[in-house]
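File shown here: start.txt, holding compact mmCIF, C-alpha atoms.
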```txt
# COMPACT_ATOMS: atom_id res chain seq x y z
CA MET A 25 173.77 93.58 143.81
CA SER A 26 172.31 92.98 140.33
CA LEU A 27 169.03 91.21 139.67
CA ASN A 28 170.63 89.58 136.59
CA LEU A 29 167.45 89.87 134.55
CA LYS A 30 169.04 91.04 131.31
CA GLY A 31 167.78 89.09 128.29
CA LYS A 32 165.12 87.22 130.23
CA LYS A 33 161.62 87.04 128.81
CA PHE A 34 158.56 87.99 130.84
CA LEU A 35 154.83 88.39 130.32
CA VAL A 36 152.96 91.03 132.31
CA THR A 37 149.16 91.04 132.16
CA GLY A 38 147.19 94.18 132.95
CA ALA A 39 150.14 96.13 131.58
CA GLY A 40 148.25 99.22 130.46
CA ARG A 41 148.46 101.23 133.63
CA GLY A 42 149.29 101.30 137.32
CA ILE A 43 151.38 98.47 138.75
CA GLY A 44 151.50 96.54 135.48
CA ARG A 45 152.72 99.50 133.44
CA GLU A 46 155.37 100.44 135.99
CA LEU A 47 156.54 96.84 136.16
CA VAL A 48 156.92 96.74 132.37
CA LYS A 49 159.04 99.91 132.58
CA ALA A 50 161.21 98.42 135.33
CA LEU A 51 161.76 95.17 133.41
CA ASN A 52 162.54 97.10 130.23
CA LYS A 53 165.14 99.11 132.16
CA GLU A 54 166.77 95.80 133.15
CA GLU A 55 166.97 94.98 129.40
CA CYS A 56 164.42 92.19 129.57
CA ILE A 57 162.23 91.10 126.69
CA VAL A 58 158.79 92.14 127.90
CA TYR A 59 155.42 91.02 126.54
CA ALA A 60 152.81 93.51 127.73
CA LEU A 61 149.26 92.15 127.65
CA ASN A 62 146.24 94.38 128.07
CA ARG A 63 142.53 94.34 127.27
CA SER A 64 142.43 97.97 126.08
CA LYS A 65 144.54 98.85 123.05
CA GLU A 66 145.12 102.56 123.63
CA PRO A 67 147.25 102.14 126.79
CA LEU A 68 149.34 99.56 124.93
CA ASP A 69 149.89 101.97 122.05
CA THR A 70 151.16 104.71 124.36
CA LEU A 71 153.32 102.20 126.22
CA VAL A 72 155.01 101.07 123.00
CA GLN A 73 155.50 104.69 121.94
CA GLU A 74 157.34 105.23 125.21
CA LEU A 75 159.17 101.89 125.16
CA PRO A 76 159.54 100.62 121.56
CA ALA A 77 161.22 97.37 122.66
CA VAL A 78 158.10 96.19 124.48
CA VAL A 79 155.97 93.61 122.64
CA PRO A 80 152.26 94.48 122.92
CA LEU A 81 149.63 91.75 123.24
CA HIS A 82 146.04 92.96 122.84
CA VAL A 83 143.50 90.47 124.17
CA ASP A 84 140.74 90.18 126.76
CA LEU A 85 141.64 87.50 129.32
CA GLU A 86 137.94 86.75 129.70
CA ASP A 87 138.10 85.27 126.18
CA TRP A 88 139.64 81.85 126.89
CA GLU A 89 140.25 80.76 123.28
CA ALA A 90 141.56 84.11 122.01
CA THR A 91 143.98 84.29 124.95
CA ARG A 92 145.30 80.78 124.31
CA ALA A 93 145.73 81.41 120.60
CA LEU A 94 147.70 84.61 121.22
CA LEU A 95 149.94 83.21 123.97
CA GLU A 96 150.69 80.06 121.99
CA SER A 97 152.26 82.27 119.32
CA ILE A 98 154.97 83.70 121.59
CA GLU A 99 158.29 82.22 122.67
CA VAL A 100 159.09 80.30 125.85
CA LEU A 101 159.11 82.64 128.83
CA ASP A 102 161.15 82.93 132.00
CA GLY A 103 158.30 84.34 134.03
CA VAL A 104 154.73 85.59 134.16
CA VAL A 105 153.14 88.27 136.31
CA ASN A 106 149.37 87.80 136.50
CA ASN A 107 148.52 91.40 137.29
CA ALA A 108 145.30 91.86 135.32
CA GLY A 109 142.14 92.84 137.15
CA LEU A 110 138.92 94.69 136.49
CA ALA A 111 139.21 98.46 136.76
CA ASP A 112 135.50 99.26 136.68
CA LEU A 113 134.70 97.86 140.11
CA PRO A 114 131.28 98.83 141.48
CA SER A 115 131.14 101.19 144.42
CA THR A 116 128.55 99.01 146.13
CA SER A 117 129.21 96.41 148.79
CA VAL A 118 130.37 92.98 147.66
CA LEU A 119 127.15 91.71 149.25
CA GLU A 120 125.23 93.56 146.54
CA CYS A 121 127.36 92.66 143.50
CA SER A 122 125.46 90.92 140.72
CA LYS A 123 126.23 87.39 139.56
CA LYS A 124 127.07 88.81 136.12
CA PHE A 125 129.76 91.05 137.59
CA MET A 126 131.18 88.30 139.82
CA ASN A 127 131.40 86.04 136.77
CA LYS A 128 133.48 88.73 135.04
CA VAL A 129 135.81 88.93 138.05
CA VAL A 130 136.31 85.15 138.11
CA ASP A 131 136.73 84.91 134.33
CA CYS A 132 139.44 87.59 134.35
CA GLN A 133 141.29 87.14 137.62
CA VAL A 134 140.92 83.39 138.20
CA PHE A 135 140.32 81.61 134.90
CA GLY A 136 142.37 84.22 133.02
CA ALA A 137 145.37 83.57 135.26
CA ILE A 138 144.95 79.78 135.08
CA ASN A 139 144.62 79.86 131.29
CA THR A 140 147.75 82.01 130.98
CA MET A 141 149.80 79.75 133.24
CA GLN A 142 148.67 76.60 131.43
CA VAL A 143 149.82 77.87 128.05
CA VAL A 144 153.12 79.24 129.34
CA ALA A 145 153.98 76.11 131.34
CA LYS A 146 153.22 73.72 128.46
CA LYS A 147 155.51 75.64 126.12
CA ASP A 148 158.54 75.20 128.39
CA ASP A 149 160.35 71.91 127.69
CA ARG A 150 163.59 72.86 129.42
CA GLY A 151 162.86 70.86 132.55
CA ARG A 152 162.28 73.94 134.69
CA SER A 153 159.33 76.10 135.52
CA ALA A 154 158.78 79.73 134.65
CA ARG A 155 158.45 82.01 137.64
CA VAL A 156 154.83 82.96 138.21
CA VAL A 157 153.79 85.92 140.32
CA ARG A 158 150.12 86.50 141.07
CA GLU A 159 149.69 90.10 142.14
CA HIS A 160 146.54 90.42 144.19
CA TYR A 161 146.98 93.38 146.50
CA VAL A 162 144.22 96.02 146.83
CA LYS A 163 145.19 97.45 143.45
CA ARG A 164 142.25 99.78 143.23
CA LEU A 165 143.45 101.64 146.31
CA ILE A 166 147.00 101.92 145.04
CA GLU A 167 146.29 102.83 141.43
CA GLU A 168 143.16 104.95 141.59
CA GLY A 169 142.58 106.04 145.13
CA SER A 170 139.28 105.30 146.84
CA PRO A 171 137.14 106.37 149.77
CA LEU A 172 138.36 103.13 151.33
CA ASP A 173 141.81 104.75 151.60
CA ILE A 174 140.65 106.33 154.85
CA VAL A 175 139.76 102.97 156.35
CA PHE A 176 142.94 101.24 155.23
CA THR A 177 145.39 104.00 156.15
CA SER A 178 143.86 104.60 159.54
CA ARG A 179 144.39 100.93 160.46
CA THR A 180 147.81 100.51 158.89
CA PRO A 181 150.92 101.07 161.05
CA CYS A 182 152.58 102.89 158.14
CA GLY A 183 149.58 105.19 157.86
CA ARG A 184 149.20 104.83 154.09
CA VAL A 185 148.76 102.33 151.27
CA PRO A 186 151.91 101.36 149.32
CA GLU A 187 153.20 103.39 146.42
CA VAL A 188 153.19 101.54 143.08
CA SER A 189 157.00 101.32 143.16
CA GLU A 190 156.84 99.61 146.55
CA VAL A 191 154.88 96.77 144.96
CA VAL A 192 156.96 96.63 141.77
CA VAL A 193 160.29 96.13 143.58
CA PRO A 194 159.22 92.93 145.43
CA ILE A 195 157.85 91.54 142.16
CA MET A 196 161.22 92.19 140.50
CA TYR A 197 162.88 90.26 143.32
CA LEU A 198 160.49 87.33 142.87
CA LEU A 199 161.25 87.22 139.14
CA SER A 200 165.00 87.17 139.75
CA ASP A 201 167.31 84.30 140.71
CA MET A 202 167.63 85.89 144.15
CA SER A 203 164.29 84.27 144.99
CA SER A 204 165.29 80.80 143.73
CA MET A 205 164.43 79.23 147.10
CA VAL A 206 161.12 81.09 147.45
CA SER A 207 158.14 79.03 146.31
CA GLY A 208 154.47 78.70 147.15
CA THR A 209 154.39 81.61 149.58
CA ASN A 210 152.44 84.84 149.95
CA GLN A 211 154.64 87.91 149.96
CA VAL A 212 152.49 90.50 151.71
CA VAL A 213 153.13 94.14 150.81
CA ASP A 214 150.64 96.11 152.90
CA GLY A 215 152.49 98.28 155.40
CA GLY A 216 151.46 96.01 158.25
CA MET A 217 147.75 96.32 157.53
CA LEU A 218 146.97 92.60 157.72
CA SER A 219 148.84 92.01 160.98
CA SER A 220 147.23 95.15 162.41
CA PHE A 221 143.76 93.81 161.58
CA ILE A 222 144.55 90.50 163.26
CA THR A 223 145.77 92.10 166.49
CA GLN A 224 142.61 94.22 166.62
CA LEU A 225 140.26 91.21 166.41
```
Structure translated into structure tokens:
Amino acid sequence: MSLNLKGKKFLVTGAGRGIGRELVKALNKEECIVYALNRSKEPLDTLVQELPAVVPLHVDLEDWEATRALLESIEVLDGVVNNAGLADLPSTSVLECSKKFMNKVVDCQVFGAINTMQVVAKKDDRGRSARVVREHYVKRLIEEGSPLDIVFTSRTPCGRVPEVSEVVVPIMYLLSDMSSMVSGTNQVVDGGMLSSFITQL
């Protein structure tokens, strides 16, 4: 069964590496028009070298005005994947994170996503809404590995965190017409980790 994504236009934030980069590759393979947004330019350059059809967008989502100006210059989209997050997370407990760092997290992952969706939604005058996917799994564990892997895998029925491809495939489904009746829900991709935690409480 085909996803029927050919020719559709999507924006992927945090497209430089990990889940975002693999999603861009998957959408490109489906012959979509893909706008790849990333804060760092070098990963975008290598991505475009690998996939010349991809349209690179270099901007920091923490910069509200620069993000709006850039996104207002692109065409109407069929979907957005808000995948961007901060890679340089501190190794300390969240109880010890500074206000400065937490402001960066909120500016990127909350206000950055809201800003992106506002611009994209206002550009669409076709009487329908673009599909929006907010990817918020424990990306650091999946993309980089972490000492927390031990904690998560030991409490997960599957015994491991998901592979990047196992997160990309559900996102592809959510972007396709196959998910036309799916709205306002959380699609959990965690190998049973969340339900396992609940049963252990």
(request) State, in Å with one decimal place, the distance from CA of Glu190 in chain A to CA of Gln211 in chain A. (result) 12.4 Å
(request) Compile the contact shell of range 79-95 of chain A as number ranges by chain: residues with an atom at most 10 Å away, counting only C-alpha atoms, same-chain residues fewer than 2 positions apart removed. (result) A: 35-40, 57-69, 71-72, 75-77, 97-100, 108-109, 127-144, 147
(request) Grab the CA of Gly44 in chain A to CA of Asn107 in chain A distance for me, in Å with one decimal place. (result) 6.2 Å
(message) Taking all atoms listed in the file into account, name the residue in A:Gly208, A:Asp148, A:Asn106, A:Leu47 that is nearest to Pro194 in chain A.
(response) A:Leu47
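Going from CA of Val188 in chain A over to CA of Gly31 in chain A, you cover 24.2 Å.
Selection around (160.9, 86.5, 140.3) with radius 9 Å, counting all atoms listed in the file, yields the residues Gly103, Val104, Val105, Arg155, Val156, Val157, Pro194, Ile195, Met196, Tyr197, Leu198, Leu199, Ser200, Asp201, Met202, Ser203, Ser204 and Val206 of chain A.
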Could you take the residues named above and write them with C-alpha atoms, as a PDB file, in the frame of the given file?
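Final file, selection-v6.pdb:
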```pdb
ATOM      1  CA  GLY A 103     158.300  84.340 134.030  1.00  0.00           C
ATOM      2  CA  VAL A 104     154.730  85.590 134.160  1.00  0.00           C
ATOM      3  CA  VAL A 105     153.140  88.270 136.310  1.00  0.00           C
ATOM      4  CA  ARG A 155     158.450  82.010 137.640  1.00  0.00           C
ATOM      5  CA  VAL A 156     154.830  82.960 138.210  1.00  0.00           C
ATOM      6  CA  VAL A 157     153.790  85.920 140.320  1.00  0.00           C
ATOM      7  CA  PRO A 194     159.220  92.930 145.430  1.00  0.00           C
ATOM      8  CA  ILE A 195     157.850  91.540 142.160  1.00  0.00           C
ATOM      9  CA  MET A 196     161.220  92.190 140.500  1.00  0.00           C
ATOM     10  CA  TYR A 197     162.880  90.260 143.320  1.00  0.00           C
ATOM     11  CA  LEU A 198     160.490  87.330 142.870  1.00  0.00           C
ATOM     12  CA  LEU A 199     161.250  87.220 139.140  1.00  0.00           C
ATOM     13  CA  SER A 200     165.000  87.170 139.750  1.00  0.00           C
ATOM     14  CA  ASP A 201     167.310  84.300 140.710  1.00  0.00           C
ATOM     15  CA  MET A 202     167.630  85.890 144.150  1.00  0.00           C
ATOM     16  CA  SER A 203     164.290  84.270 144.990  1.00  0.00           C
ATOM     17  CA  SER A 204     165.290  80.800 143.730  1.00  0.00           C
ATOM     18  CA  VAL A 206     161.120  81.090 147.450  1.00  0.00           C
TER      19      VAL A 206
END
```
Take range 100-111 of chain A, model all heavy atoms, and hand the result over as a short mmCIF file (atom, residue, chain, number, x, y, z; two decimals), in the coordinates of the input.
```
data_model
loop_
_atom_site.label_atom_id
_atom_site.label_comp_id
_atom_site.auth_asym_id
_atom_site.auth_seq_id
_atom_site.Cartn_x
_atom_site.Cartn_y
_atom_site.Cartn_z
N VAL A 100 159.04 80.80 124.48
CA VAL A 100 159.09 80.30 125.85
C VAL A 100 159.52 81.43 126.77
O VAL A 100 160.43 82.20 126.46
CB VAL A 100 160.09 79.12 125.95
CG1 VAL A 100 160.24 78.68 127.40
CG2 VAL A 100 159.62 77.96 125.09
N LEU A 101 158.86 81.53 127.91
CA LEU A 101 159.11 82.64 128.83
C LEU A 101 159.86 82.20 130.08
O LEU A 101 159.84 81.03 130.45
CB LEU A 101 157.77 83.27 129.25
CG LEU A 101 156.88 83.82 128.14
CD1 LEU A 101 155.54 84.25 128.71
CD2 LEU A 101 157.56 84.98 127.42
N ASP A 102 160.49 83.18 130.72
CA ASP A 102 161.15 82.93 132.00
C ASP A 102 160.26 83.26 133.18
O ASP A 102 160.55 82.85 134.31
CB ASP A 102 162.43 83.78 132.09
CG ASP A 102 163.48 83.33 131.09
OD1 ASP A 102 164.01 82.22 131.26
OD2 ASP A 102 163.75 84.08 130.13
N GLY A 103 159.19 84.00 132.92
CA GLY A 103 158.30 84.34 134.03
C GLY A 103 157.03 85.04 133.57
O GLY A 103 156.98 85.61 132.48
N VAL A 104 156.02 84.97 134.43
CA VAL A 104 154.73 85.59 134.16
C VAL A 104 154.28 86.34 135.42
O VAL A 104 154.40 85.82 136.53
CB VAL A 104 153.65 84.53 133.82
CG1 VAL A 104 152.30 85.20 133.60
CG2 VAL A 104 154.06 83.73 132.60
N VAL A 105 153.76 87.54 135.20
CA VAL A 105 153.14 88.27 136.31
C VAL A 105 151.66 88.45 135.97
O VAL A 105 151.30 89.19 135.07
CB VAL A 105 153.80 89.65 136.53
CG1 VAL A 105 153.10 90.38 137.68
CG2 VAL A 105 155.28 89.49 136.82
N ASN A 106 150.82 87.71 136.68
CA ASN A 106 149.37 87.80 136.50
C ASN A 106 148.85 89.00 137.28
O ASN A 106 148.45 88.88 138.44
CB ASN A 106 148.70 86.50 136.96
CG ASN A 106 148.90 85.37 135.99
OD1 ASN A 106 148.59 85.49 134.81
ND2 ASN A 106 149.43 84.27 136.47
N ASN A 107 148.88 90.14 136.63
CA ASN A 107 148.52 91.40 137.29
C ASN A 107 147.15 91.91 136.89
O ASN A 107 146.61 92.81 137.52
CB ASN A 107 149.60 92.44 136.93
CG ASN A 107 149.23 93.82 137.37
OD1 ASN A 107 149.25 94.14 138.55
ND2 ASN A 107 148.90 94.68 136.42
N ALA A 108 146.55 91.33 135.86
CA ALA A 108 145.30 91.86 135.32
C ALA A 108 144.16 91.78 136.33
O ALA A 108 144.05 90.82 137.11
CB ALA A 108 144.91 91.11 134.05
N GLY A 109 143.33 92.80 136.31
CA GLY A 109 142.14 92.84 137.15
C GLY A 109 141.14 93.79 136.51
O GLY A 109 141.46 94.49 135.56
N LEU A 110 139.96 93.81 137.03
CA LEU A 110 138.92 94.69 136.49
C LEU A 110 139.03 96.07 137.12
O LEU A 110 139.07 96.20 138.34
CB LEU A 110 137.53 94.10 136.75
CG LEU A 110 137.26 92.75 136.09
CD1 LEU A 110 135.86 92.28 136.44
CD2 LEU A 110 137.43 92.83 134.58
N ALA A 111 139.07 97.08 136.27
CA ALA A 111 139.21 98.46 136.76
C ALA A 111 137.87 99.06 137.15
O ALA A 111 137.79 99.90 138.05
CB ALA A 111 139.88 99.32 135.70
#
```
